[in-house]
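S.K.: Dropping a structure here in structure tokens format, bear with me for questions.
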Amino acid sequence: MSHTRYIFYILIAALFGWTAMFLVFYRLDPMQSTTLALSLLFISSFVALTSTFALVGYFIRRQIHHNEIFYSHINIALRQGMLLSICSLSCFFLLLVNALTWWSGLLIVLFITLIEVYFSSQET
């Protein structure tokens, strides 16, 4: 499969995730804190953020490295998009339960950074 087809599927996932997230906001009202509404909000936000971060990361990486294999860029962009969405959603969850402080957010970012450093050191 070509890299444009992968990008197309990631774009479809992004559109699906953002649409699902807006439907959860307008139909289920997650501010009432029902378990179903919050679960659907976090799942749709994860899909939307992961695919959006992956697309942005892929196109930035493609602009920087012109003559390289695009499949490795897609894998790296998906991994980094997933890690960034885990970071932002865990900070959002801590904000939701009134437990987010600057040092807890910094610890989350540091933990995600260490995971990315581990994976990027395994690639070489």
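Identifiers for the structure tokens are assigned positionally: chains receive A, B, ... in sequence, residues are indexed from 1 per chain, and ligands are indexed from 1 in the order shown.
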Considering only C-alpha atoms, return as a list of chain:residue names whatever protein or nucleic-acid residues lie within 8 Å of A:Leu28, sequence-local ones (same chain, fewer than 4 positions apart) excluded.

M.R.: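 Residues near the query, excluding close chain neighbours: A:Leu23, A:Val24, A:Ala37.
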
S.K.: Limited to N, CA and C atoms, could you put the picked residues into a file as a compact mmCIF listing (two decimals), in the first residue's frame?

M.R.:
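What follows is the written file selection-v5.txt:
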```txt
# COMPACT_ATOMS: atom_id res chain seq x y z
N LEU A 23 -19.96 15.51 18.47
CA LEU A 23 -21.25 14.90 18.77
C LEU A 23 -21.40 14.58 20.25
N VAL A 24 -20.33 14.14 20.88
CA VAL A 24 -20.38 13.88 22.32
C VAL A 24 -20.62 15.17 23.08
N ALA A 37 -20.63 9.40 28.87
CA ALA A 37 -20.25 10.61 28.15
C ALA A 37 -18.76 10.88 28.28
```

S.K.: Counting only C-alpha atoms, what is within 10 Å of stretch 48-50 of chain A, bar same-chain residues fewer than 5 positions away, as a ChimeraX atom specification?

M.R.: /A:10-21,42-43,55,77-86,88-89

S.K.: Taking 6 positions as the minimum chain separation for residues in the same chain, which residues sit within 12 Å of A:Tyr71 when counting only C-alpha atoms? Answer as a list in words.

M.R.: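 Listed by chain and then number, they are Met1, Ser2, His3, Thr4, Arg5, Tyr6, Ile7, Tyr58, Arg61, Arg62, Ala77 and Leu78 of chain A.
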
S.K.: Could you jot down the atom CA of A:Phe59 to atom CA of A:Ser72 separation for me, Å, one decimal place?

M.R.: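 Answer for the atom CA of A:Phe59 to atom CA of A:Ser72 separation: 12.7 Å.
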
S.K.: Between A:Cys87, A:Leu96, A:Ile112, A:Ile74, which residue has the minimum interatomic distance to A:Pro30, considering only C-alpha atoms?

M.R.: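 Ranked by minimum distance to A:Pro30, first place goes to A:Leu96.
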